[in-house]
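Below is the file run-v5.txt, which contains compact mmCIF, C-alpha atoms.
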```
# COMPACT_ATOMS: atom_id res chain seq x y z
CA MET B 5 -8.48 -27.06 40.89
CA ASN B 6 -12.25 -27.28 40.28
CA THR B 7 -13.98 -26.79 36.92
CA ASP B 8 -15.03 -23.20 37.65
CA ASN B 9 -11.47 -22.17 38.52
CA LYS B 10 -10.12 -23.83 35.40
CA ALA B 11 -12.66 -22.01 33.25
CA LEU B 12 -11.76 -18.72 34.95
CA CYS B 13 -8.02 -19.23 34.34
CA LYS B 14 -8.61 -20.14 30.70
CA LYS B 15 -10.81 -17.06 30.19
CA THR B 16 -8.29 -14.78 31.89
CA ARG B 17 -5.38 -16.21 29.94
CA PHE B 18 -6.79 -15.38 26.53
CA GLU B 19 -8.14 -12.02 27.61
CA VAL B 20 -4.64 -11.19 28.79
CA LEU B 21 -3.19 -12.26 25.44
CA ASP B 22 -5.64 -9.98 23.62
CA ILE B 23 -4.67 -7.09 25.89
CA MET B 24 -1.01 -7.81 25.16
CA LYS B 25 -1.71 -7.69 21.42
CA GLY B 26 -3.65 -4.47 21.90
CA PHE B 27 -0.63 -2.96 23.63
CA GLY B 28 1.48 -4.21 20.72
CA MET B 29 -0.76 -2.34 18.28
CA LEU B 30 -0.27 0.86 20.27
CA VAL B 31 3.48 0.35 20.05
CA LEU B 32 3.17 -0.22 16.29
CA MET B 33 1.42 3.17 16.01
CA MET B 34 4.21 4.75 18.06
CA CYS B 35 6.93 3.24 15.90
CA HIS B 36 5.37 4.27 12.61
CA SER B 37 4.55 7.80 13.80
CA PHE B 38 8.04 8.34 15.29
CA SER B 39 6.93 8.69 18.89
CA PRO B 40 9.75 9.46 21.35
CA LEU B 41 8.54 6.39 23.27
CA ALA B 42 8.81 4.06 20.29
CA HIS B 43 12.41 2.98 20.87
CA TYR B 44 11.71 1.75 24.39
CA PHE B 45 9.04 -0.70 23.27
CA GLY B 46 10.09 -1.27 19.65
CA ILE B 47 12.91 -3.61 20.64
CA PHE B 48 10.50 -6.33 21.74
CA PHE B 49 6.90 -5.82 20.58
CA LEU B 50 7.12 -7.89 17.36
CA ALA B 51 8.90 -10.72 19.18
CA MET B 52 6.11 -10.54 21.76
CA PHE B 53 3.48 -11.02 19.03
CA LEU B 54 5.32 -14.07 17.74
CA MET B 55 5.71 -15.51 21.23
CA ILE B 56 1.94 -15.15 21.69
CA SER B 57 1.43 -17.17 18.50
CA GLY B 58 3.74 -19.85 19.88
CA PHE B 59 1.97 -19.63 23.24
CA THR B 60 -1.29 -20.65 21.58
CA TRP B 61 0.25 -23.37 19.38
CA ASN B 62 -1.16 -26.88 19.81
CA GLU B 63 0.59 -30.02 18.52
CA LYS B 64 -2.83 -31.61 17.99
CA HIS B 65 -2.86 -29.75 14.68
CA THR B 66 -0.11 -32.09 13.44
CA GLN B 67 -1.14 -35.56 14.66
CA THR B 68 -1.32 -36.78 11.04
CA TRP B 69 -0.05 -35.44 7.73
CA HIS B 70 -3.68 -34.70 6.82
CA ASP B 71 -4.05 -32.59 9.99
CA THR B 72 -0.79 -30.84 9.16
CA TRP B 73 -1.98 -30.00 5.65
CA GLU B 74 -5.32 -28.74 6.99
CA CYS B 75 -3.47 -26.56 9.50
CA ILE B 76 -1.33 -25.05 6.72
CA LYS B 77 -4.40 -24.41 4.54
CA LYS B 78 -6.17 -22.71 7.44
CA ARG B 79 -3.19 -20.46 8.09
CA PHE B 80 -2.87 -19.66 4.38
CA LYS B 81 -6.47 -18.49 4.32
CA ALA B 82 -6.05 -16.43 7.50
CA LEU B 83 -2.68 -14.85 6.64
CA MET B 84 -1.68 -15.14 2.99
CA VAL B 85 -5.04 -14.42 1.39
CA PRO B 86 -5.37 -11.00 3.07
CA TYR B 87 -1.65 -10.42 2.47
CA PHE B 88 -1.98 -10.88 -1.30
CA VAL B 89 -5.41 -9.26 -1.62
CA TYR B 90 -4.50 -6.04 0.19
CA SER B 91 -1.00 -5.88 -1.28
CA ILE B 92 -2.41 -6.09 -4.81
CA ILE B 93 -5.20 -3.60 -4.06
CA PHE B 94 -2.80 -0.99 -2.67
CA LEU B 95 -0.30 -1.64 -5.47
CA SER B 96 -3.07 -1.17 -8.05
CA LEU B 97 -4.05 2.14 -6.44
CA THR B 98 -0.51 3.53 -6.72
CA ASN B 99 -1.30 5.93 -9.55
CA VAL B 100 -4.37 7.19 -7.70
CA PHE B 101 -2.18 7.92 -4.70
CA VAL B 102 0.36 9.67 -6.92
CA LYS B 103 -2.41 11.77 -8.46
CA LEU B 104 -3.64 12.75 -5.00
CA ASN B 105 -0.08 13.69 -4.01
CA ILE B 106 -0.02 11.26 -1.08
CA TYR B 107 2.46 8.73 -2.44
CA PRO B 108 6.20 9.10 -1.76
CA ALA B 109 8.62 9.46 -4.66
CA GLY B 110 9.80 5.83 -4.48
CA LEU B 111 9.85 2.63 -2.51
CA SER B 112 12.58 1.60 -0.09
CA GLY B 113 14.54 -1.27 -1.55
CA ILE B 114 12.92 -1.20 -4.99
CA ASP B 115 11.79 1.83 -6.99
CA ILE B 116 8.89 0.80 -9.22
CA LEU B 117 7.68 4.24 -10.32
CA GLY B 118 8.56 5.51 -13.76
CA PRO B 119 10.36 8.80 -14.63
CA ASP B 120 6.99 10.58 -14.72
CA GLY B 121 6.28 9.49 -11.15
CA TYR B 122 3.56 7.03 -12.15
CA LEU B 123 3.39 3.25 -12.09
CA GLY B 124 3.72 1.58 -15.49
CA ILE B 125 3.15 -2.01 -16.60
CA GLU B 126 6.76 -3.01 -15.94
CA GLY B 127 6.74 -1.38 -12.52
CA TYR B 128 3.44 -3.10 -11.69
CA PHE B 129 4.86 -6.54 -12.42
CA MET B 130 7.99 -5.67 -10.44
CA GLY B 131 5.67 -4.79 -7.58
CA LEU B 132 3.86 -8.12 -7.89
CA LEU B 133 7.21 -9.92 -7.83
CA SER B 134 8.19 -7.95 -4.74
CA VAL B 135 4.92 -8.96 -3.03
CA SER B 136 5.37 -12.64 -3.91
CA LEU B 137 8.84 -12.62 -2.30
CA GLY B 138 7.54 -11.09 0.92
CA PHE B 139 8.63 -7.53 0.21
CA MET B 140 6.25 -4.63 -0.11
CA GLY B 141 4.56 -3.74 -3.36
CA SER B 142 3.27 -0.49 -1.87
CA VAL B 143 4.53 1.54 1.06
CA PHE B 144 1.04 1.41 2.54
CA THR B 145 1.36 -2.36 2.96
CA ALA B 146 4.79 -2.14 4.57
CA ALA B 147 3.52 -3.77 7.78
CA LEU B 148 2.09 -6.82 5.98
CA TRP B 149 5.47 -8.54 5.74
CA TYR B 150 4.54 -9.88 9.20
CA PHE B 151 1.67 -11.95 7.71
CA TYR B 152 4.05 -13.46 5.15
CA GLN B 153 6.69 -14.38 7.71
CA LEU B 154 4.18 -15.73 10.23
CA PHE B 155 2.74 -18.04 7.60
CA LEU B 156 6.21 -19.35 6.76
CA VAL B 157 6.81 -19.88 10.49
CA TYR B 158 3.57 -21.88 10.80
CA VAL B 159 4.44 -24.01 7.77
CA LEU B 160 7.93 -24.86 9.03
CA HIS B 161 6.77 -25.52 12.57
CA ALA B 162 3.86 -27.70 11.47
CA VAL B 163 6.23 -29.86 9.41
CA VAL B 164 8.82 -30.01 12.21
CA CYS B 165 6.17 -31.03 14.75
CA ARG B 166 4.84 -33.72 12.43
CA ILE B 167 8.29 -35.20 11.71
CA PHE B 168 9.38 -35.19 15.38
CA ARG B 169 5.94 -35.87 16.85
CA LYS B 170 6.95 -38.97 18.86
CA TRP B 171 10.04 -37.25 20.25
CA ILE B 172 7.98 -34.21 21.23
CA GLU B 173 5.51 -36.37 23.15
CA ARG B 174 8.32 -37.90 25.22
CA ARG B 175 10.58 -34.91 25.85
CA ARG B 176 8.54 -31.86 24.85
CA LEU B 177 10.40 -29.21 26.83
CA ILE B 178 13.85 -30.59 25.93
CA PHE B 179 12.88 -30.72 22.26
CA TYR B 180 11.93 -27.05 22.19
CA LEU B 181 15.01 -25.95 24.09
CA VAL B 182 17.23 -27.83 21.63
CA LEU B 183 15.30 -26.36 18.69
CA ILE B 184 15.71 -22.85 20.10
CA ALA B 185 19.46 -23.41 20.51
CA LEU B 186 19.81 -24.63 16.90
CA VAL B 187 17.91 -21.65 15.50
CA LEU B 188 20.03 -19.27 17.59
CA LEU B 189 23.20 -20.79 16.14
CA LEU B 190 21.85 -20.26 12.62
CA MET B 191 20.95 -16.68 13.50
CA GLN B 192 24.44 -16.10 14.83
CA PHE B 193 25.94 -17.38 11.58
CA PHE B 194 23.77 -15.26 9.26
CA ASN B 195 24.08 -12.17 11.45
CA SER B 196 27.86 -12.39 11.13
CA LEU B 197 27.71 -12.24 7.32
CA ASP B 198 29.11 -9.07 5.80
CA GLY B 199 29.41 -7.60 2.36
CA GLU B 200 27.04 -6.35 -0.32
CA LYS B 201 26.52 -9.78 -1.90
CA ALA B 202 25.33 -11.32 1.36
CA LYS B 203 23.04 -8.40 2.19
CA VAL B 204 19.81 -9.88 0.79
CA VAL B 205 20.54 -13.36 2.14
CA LYS B 206 21.25 -11.91 5.58
CA LEU B 207 18.04 -9.84 5.52
CA LEU B 208 15.80 -12.77 4.55
CA CYS B 209 17.39 -15.29 6.91
CA ILE B 210 17.59 -13.01 9.95
CA ARG B 211 14.02 -11.84 9.41
CA PHE B 212 12.68 -15.40 9.19
CA LEU B 213 14.84 -16.96 11.91
CA SER B 214 14.12 -14.09 14.30
CA CYS B 215 10.42 -14.68 13.80
CA TYR B 216 10.72 -18.44 14.16
CA VAL B 217 12.82 -18.44 17.33
CA ALA B 218 10.40 -16.01 19.00
CA PHE B 219 7.49 -18.24 17.99
CA ILE B 220 8.99 -21.43 19.42
CA MET B 221 10.00 -19.57 22.60
CA GLY B 222 6.30 -19.06 23.17
CA VAL B 223 5.71 -22.82 23.47
CA PRO B 224 7.79 -23.38 26.66
CA ALA B 225 6.35 -20.09 27.95
CA ARG B 226 2.94 -21.77 27.73
CA MET B 227 4.27 -24.82 29.60
CA ILE B 228 5.54 -22.61 32.41
CA TYR B 229 2.25 -20.72 32.53
CA ASN B 230 0.26 -23.95 32.83
CA LYS B 231 2.29 -24.85 35.91
CA LEU B 232 1.28 -21.62 37.64
CA ASN B 233 -1.92 -21.12 39.59
CA ILE B 234 -2.88 -17.51 38.92
CA SER B 235 -6.12 -16.30 40.49
CA GLY B 236 -5.36 -12.65 41.22
CA ILE B 237 -2.70 -9.98 41.26
CA HIS B 238 0.31 -11.09 43.29
CA PRO B 239 3.21 -8.92 44.50
CA ILE B 240 5.55 -10.98 42.31
CA GLN B 241 3.79 -9.67 39.19
CA VAL B 242 4.26 -6.07 40.29
CA VAL B 243 7.90 -6.76 41.12
CA LEU B 244 8.49 -8.46 37.73
CA PHE B 245 6.80 -5.55 35.96
CA VAL B 246 9.10 -3.00 37.62
CA ILE B 247 12.26 -5.10 37.15
CA THR B 248 11.60 -5.89 33.46
CA ALA B 249 10.71 -2.24 32.78
CA GLY B 250 14.08 -1.20 34.23
CA LEU B 251 15.98 -3.84 32.29
CA ILE B 252 14.23 -2.89 29.03
CA TYR B 253 15.27 0.72 29.64
CA VAL B 254 18.88 -0.43 30.09
CA MET B 255 18.73 -2.65 26.96
CA ASN B 256 17.65 0.38 24.93
CA THR B 257 21.02 2.01 25.52
CA PHE B 258 22.84 -0.53 23.34
CA THR B 259 20.19 -2.55 21.46
CA THR B 260 18.36 -1.99 18.18
CA VAL B 261 15.83 -4.37 16.64
CA ASP B 262 14.24 -3.94 13.20
CA LEU B 263 12.86 -7.30 12.08
CA GLY B 264 11.31 -5.81 8.94
CA ALA B 265 14.80 -4.85 7.78
CA GLY B 266 16.34 -8.05 9.15
CA SER B 267 18.53 -5.97 11.45
CA ILE B 268 19.39 -6.79 15.08
CA THR B 269 22.29 -5.62 17.22
CA SER B 270 23.06 -9.17 18.33
CA VAL B 271 21.27 -12.50 18.59
CA TRP B 272 21.56 -12.59 22.36
CA SER B 273 20.31 -9.07 22.95
CA TYR B 274 17.32 -9.88 20.72
CA ILE B 275 16.47 -12.95 22.80
CA VAL B 276 16.87 -11.10 26.09
CA CYS B 277 14.64 -8.26 24.85
CA ALA B 278 12.01 -10.75 23.64
CA ILE B 279 11.84 -12.49 27.05
CA LEU B 280 11.85 -9.24 29.03
CA GLY B 281 9.23 -7.71 26.75
CA PHE B 282 6.92 -10.71 26.99
CA ILE B 283 7.09 -10.76 30.81
CA PHE B 284 6.72 -6.96 31.03
CA THR B 285 3.68 -6.87 28.73
CA TYR B 286 2.10 -9.93 30.34
CA CYS B 287 2.37 -8.41 33.83
CA LEU B 288 0.99 -5.09 32.56
CA ALA B 289 -1.93 -6.79 30.81
CA TYR B 290 -2.69 -9.03 33.76
CA MET B 291 -2.73 -6.13 36.22
CA LEU B 292 -5.01 -4.09 33.94
CA ASP B 293 -7.38 -7.02 33.48
CA ASN B 294 -7.64 -7.84 37.18
CA ASN B 295 -8.15 -4.34 38.52
CA ASP B 296 -11.69 -2.92 38.60
CA ARG B 297 -10.38 0.61 38.09
CA THR B 298 -8.65 -0.28 34.83
CA LYS B 299 -11.14 -2.84 33.52
CA LYS B 300 -12.57 -0.49 30.88
CA LEU B 301 -9.08 0.26 29.61
CA ALA B 302 -8.34 -3.47 29.59
CA ASN B 303 -11.51 -4.13 27.58
CA ALA B 304 -10.56 -1.45 25.05
CA MET B 305 -7.06 -2.90 24.70
CA SER B 306 -8.55 -6.39 24.36
CA TYR B 307 -10.83 -5.18 21.55
CA ILE B 308 -7.87 -3.68 19.72
CA GLY B 309 -5.94 -6.93 20.24
CA GLN B 310 -8.78 -8.95 18.71
CA ASN B 311 -8.68 -6.75 15.59
CA THR B 312 -4.98 -6.51 14.84
CA LYS B 313 -5.33 -7.56 11.21
CA PRO B 314 -7.32 -4.55 9.89
CA ILE B 315 -5.16 -2.17 11.93
CA MET B 316 -1.99 -3.55 10.34
CA VAL B 317 -3.61 -3.33 6.90
CA TYR B 318 -5.03 0.19 7.01
CA HIS B 319 -3.20 2.27 9.62
CA LEU B 320 -0.54 3.77 7.34
CA ILE B 321 -3.08 5.11 4.86
CA PHE B 322 -5.13 6.55 7.74
CA PHE B 323 -2.15 8.55 8.96
CA LYS B 324 -2.72 10.76 5.91
CA PRO B 325 -5.90 12.55 7.12
CA VAL B 326 -3.97 13.77 10.18
CA ALA B 327 -1.10 14.88 7.94
CA LEU B 328 -3.56 16.78 5.72
CA ILE B 329 -5.12 18.58 8.70
CA TYR B 330 -1.64 19.45 9.96
CA ILE B 331 -0.74 20.91 6.54
CA LEU B 332 -3.90 23.05 6.49
CA ILE B 333 -3.37 24.35 10.04
CA CYS B 334 0.33 25.12 9.57
CA GLY B 335 -0.01 26.45 6.02
CA LEU B 336 2.48 23.96 4.57
CA SER B 337 2.79 22.94 0.94
CA PHE B 338 0.60 20.01 -0.11
CA GLU B 339 3.79 18.31 -1.30
CA ALA B 340 4.49 17.63 2.39
CA LEU B 341 1.69 15.05 2.21
CA GLN B 342 4.10 12.80 0.31
CA GLN B 343 6.26 12.34 3.39
CA PHE B 344 6.01 8.78 4.64
CA PRO B 345 4.75 7.55 6.98
CA VAL B 346 4.16 10.93 8.68
CA ILE B 347 5.25 14.54 8.33
CA ILE B 348 8.52 14.98 10.18
CA ASP B 349 8.48 18.06 12.39
CA GLU B 350 10.88 18.18 15.32
CA ASN B 351 8.87 20.97 16.92
CA HIS B 352 5.72 18.89 17.22
CA THR B 353 6.77 15.47 18.47
CA TRP B 354 3.37 15.11 20.21
CA MET B 355 1.68 14.66 16.81
CA TRP B 356 2.21 10.90 17.14
CA ILE B 357 -0.78 10.84 19.50
CA PHE B 358 -3.15 12.04 16.76
CA TYR B 359 -1.59 9.75 14.16
CA SER B 360 -2.06 6.80 16.53
CA ILE B 361 -5.69 7.66 17.28
CA SER B 362 -6.45 8.04 13.58
CA GLY B 363 -4.60 4.86 12.62
CA LEU B 364 -6.46 2.80 15.22
CA THR B 365 -10.00 4.22 15.04
CA LEU B 366 -10.29 4.72 11.28
CA SER B 367 -8.82 1.26 10.62
CA LEU B 368 -11.43 -0.33 12.90
CA LEU B 369 -14.21 1.69 11.25
CA MET B 370 -12.95 0.66 7.81
CA ASP B 371 -13.03 -2.97 8.89
CA LYS B 372 -16.63 -2.56 10.03
CA LEU B 373 -17.53 -0.99 6.68
CA VAL B 374 -15.88 -3.81 4.71
CA LYS B 375 -17.72 -6.42 6.77
CA MET B 376 -21.05 -4.64 6.19
CA LEU B 377 -20.41 -4.52 2.44
CA ARG B 378 -19.59 -8.24 2.41
CA GLU B 379 -22.82 -9.01 4.25
CA LEU B 380 -24.82 -6.88 1.81
CA ILE B 381 -23.18 -8.60 -1.19
CA ALA B 382 -23.88 -12.02 0.34
CA LYS B 383 -27.54 -11.14 0.86
CA TRP B 384 -27.78 -9.74 -2.67
CA LYS B 385 -26.38 -12.97 -4.14
CA LYS B 386 -29.00 -14.99 -2.28
```

As structure tokens, please, write out the structure in this file.
Amino acid sequence: MNTDNKALCKKTRFEVLDIMKGFGMLVLMMCHSFSPLAHYFGIFFLAMFLMISGFTWNEKHTQTWHDTWECIKKRFKALMVPYFVYSIIFLSLTNVFVKLNIYPAGLSGIDILGPDGYLGIEGYFMGLLSVSLGFMGSVFTAALWYFYQLFLVYVLHAVVCRIFRKWIERRRLIFYLVLIALVLLLMQFFNSLDGEKAKVVKLLCIRFLSCYVAFIMGVPARMIYNKLNISGIHPIQVVLFVITAGLIYVMNTFTTVDLGAGSITSVWSYIVCAILGFIFTYCLAYMLDNNDRTKKLANAMSYIGQNTKPIMVYHLIFFKPVALIYILICGLSFEALQQFPVIIDENHTWMWIFYSISGLTLSLLMDKLVKMLRELIAKWKK
């Protein structure tokens, strides 16, 4: 393969990954706005995100312990700093949200509001403790647990790669297959735990191990991809898209996946859904990216995929303007604004479309505004 073809494949590969992440963001909007379509894609989209992270992993980051430490510091800055900053900001704004009647009566898992419905000093510190353990301090940062878990995944994998570096160089594919098998066995053990005492342990372990196994599955997926010579849309991609779509539909009849709650139907169904979902989304993204008629849509999806962080941070709070408009149009009580994450109305299941548009567009606009303010502050300091 000549240099131009290699450059083209590299460019296409990462554009496709961005489109896949953009699709994942659309599914996130569907899930959080209770779209009727959410269940069909919700069983695999988070695993797909993690597989993409593994797909882009490079062992060069862990050639020395210094490199490993630098890799961890870089990931901390990219993931944990925004996690803590936004979690603390939203937690600190709790009483403002209560005053504006847009905050629900309590938090799932831990109720930090006082009898008067407001956040006191004790509740605030409980919220900070919750954030530090990877739980939410505010319902509006419920999606940020992903940042916390992904950082832990990077830390563990960086250390593992450093310790077994020589073995990886000799038998890379075998190493990852063995590692996947070991993690699956651990998942099987923790998923079999029962009882109230084991509930928290099961939640934390299943959540982390589910994330980690999806991540390391992305590494051999990259190896397989590198063996393929993809220069256009092939019939096999269309066939795989149709087959995986059908199998995902079948899996939905007996599979549930909620990584945030550490809940999966079974370890094996989770793995099957992750693989099917990755192939399905990859084929979809590749066909969109390599078809002139859908190129604009592919570019829009790619842009969303390149800006997943602000969308995950802000989208839940930007569901509220749509809820407010819905209340005004339907003449509902303003207390309905407290419903989280959206107003539940069985007669208007199509409302998820407006919630999704608002969550995506306003989050991106908010990110632009924050960046502009940072630039202005930086200029002012100079």

Atomic separation - atom CA of Tyr152 of chain B relative to atom CA of Ile252 of chain B, Å: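 If I compute the distance from atom CA of Ile252 of chain B to atom CA of Tyr152 of chain B, I get 28.0 Å.
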
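Within the 12 Å cut-off around segment 71-77 of chain B, using all atoms listed in the file and omitting residues fewer than 6 positions from it on the same chain, the listed residues are Trp61, Asn62, Glu63, Lys64, His65, Leu83, Met84, Val85, Leu154, Phe155, Leu156, Val157, Tyr158, Val159, Leu160, His161, Ala162, Val163, Val164, Cys165, Arg166, Ile167 and Arg169 of chain B.
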
Separation of atom CA of Leu280 of chain B from atom CA of Phe53 of chain B, in Å and rounded to one decimal: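 That distance, rounded to one decimal, is 13.2 Å.
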
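For the atom pair formed by atom CA of Ser367 of chain B and atom CA of Val317 of chain B, the distance is 7.9 Å, given to one decimal.
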
Nearest to Phe344 of chain B by atom-to-atom distance, counting only C-alpha atoms, from B:Asn311, B:Asn99, B:Asn105, B:Ser267: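 With only C-alpha atoms as the atom set, the closest residue is B:Asn105.
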
Nearest to Phe358 of chain B, chosen from B:Met34, B:Ile275, B:Val254, B:Leu336, with all atoms listed in the file counted in the distances: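 Result for the nearest residue to Phe358 of chain B: B:Met34.
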
Residue among B:Tyr274, B:Phe194, B:Trp354, B:Tyr128 lying closest to Val261 of chain B, counting all atoms listed in the file: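 Going through B:Tyr274, B:Phe194, B:Trp354, B:Tyr128 one by one, the smallest distance to Val261 of chain B is for B:Tyr274.
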
Segment 19-23 of chain B surroundings by all atoms listed in the file, 8 Å radius, close-in-sequence under 2 positions cut, as a ChimeraX atom specification: /B:15-17,25-27,56,286,289-290,293,302-303,305-310

Distance query 10 Å from (17.2, -8.5, 22.7) using all atoms listed in the file, result as a PyMOL selection string: chain B and resi 47-48+51+252+255-256+258-261+268-281

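Near Leu366 of chain B, within a cut-off of 9 Å and counting all atoms listed in the file, sit the residues Ile315, Tyr318, His319, Phe322, Ile361 and Asp371 of chain B, with same-chain residues fewer than 5 positions away left out.
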
All residues 7 Å or closer to segment 28-31 of chain B, only C-alpha atoms, same chain fewer than 2 positions away omitted, as an MDAnalysis selection string: chainID B and resid 24:26 33:35 42 45:46 49 312

Write the residues you've just listed into a file as an mmCIF file, in the coordinates of the input, and include C-alpha atoms for each of them.
```cif
data_model
loop_
_atom_site.group_PDB
_atom_site.id
_atom_site.type_symbol
_atom_site.label_atom_id
_atom_site.label_comp_id
_atom_site.auth_asym_id
_atom_site.auth_seq_id
_atom_site.Cartn_x
_atom_site.Cartn_y
_atom_site.Cartn_z
ATOM 1 C CA MET B 24 -1.010 -7.810 25.160
ATOM 2 C CA LYS B 25 -1.710 -7.690 21.420
ATOM 3 C CA GLY B 26 -3.650 -4.470 21.900
ATOM 4 C CA MET B 33 1.420 3.170 16.010
ATOM 5 C CA MET B 34 4.210 4.750 18.060
ATOM 6 C CA CYS B 35 6.930 3.240 15.900
ATOM 7 C CA ALA B 42 8.810 4.060 20.290
ATOM 8 C CA PHE B 45 9.040 -0.700 23.270
ATOM 9 C CA GLY B 46 10.090 -1.270 19.650
ATOM 10 C CA PHE B 49 6.900 -5.820 20.580
ATOM 11 C CA THR B 312 -4.980 -6.510 14.840
#
```

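Here the question is which of B:Met316, B:Arg378, B:Phe144, B:Tyr180 gets nearest to Ile93 of chain B using all atoms listed in the file, and that residue is B:Phe144.
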
7 Å contact set for Trp149 of chain B, all atoms listed in the file, chain neighbours under 3 positions out, as a list in words: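 My list of contacting residues is Gly138, Phe139, Ala146, Tyr152 and Gln153 of chain B.
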
Nearest residue to Met140 of chain B from the set B:Phe179, B:Thr68, B:Gly264, B:Met221 (distances using all atoms listed in the file):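 Smallest separation from Met140 of chain B among the options: B:Gly264.
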
Need the axis-aligned box for segment 273-280 of chain B with 4 Å each side, so what are the centre and edges in Å to one decimal, as AutoDock Vina command-line options?
```
--center_x 16.1 --center_y -10.6 --center_z 24.9 --size_x 16.5 --size_y 12.7 --size_z 16.3
```
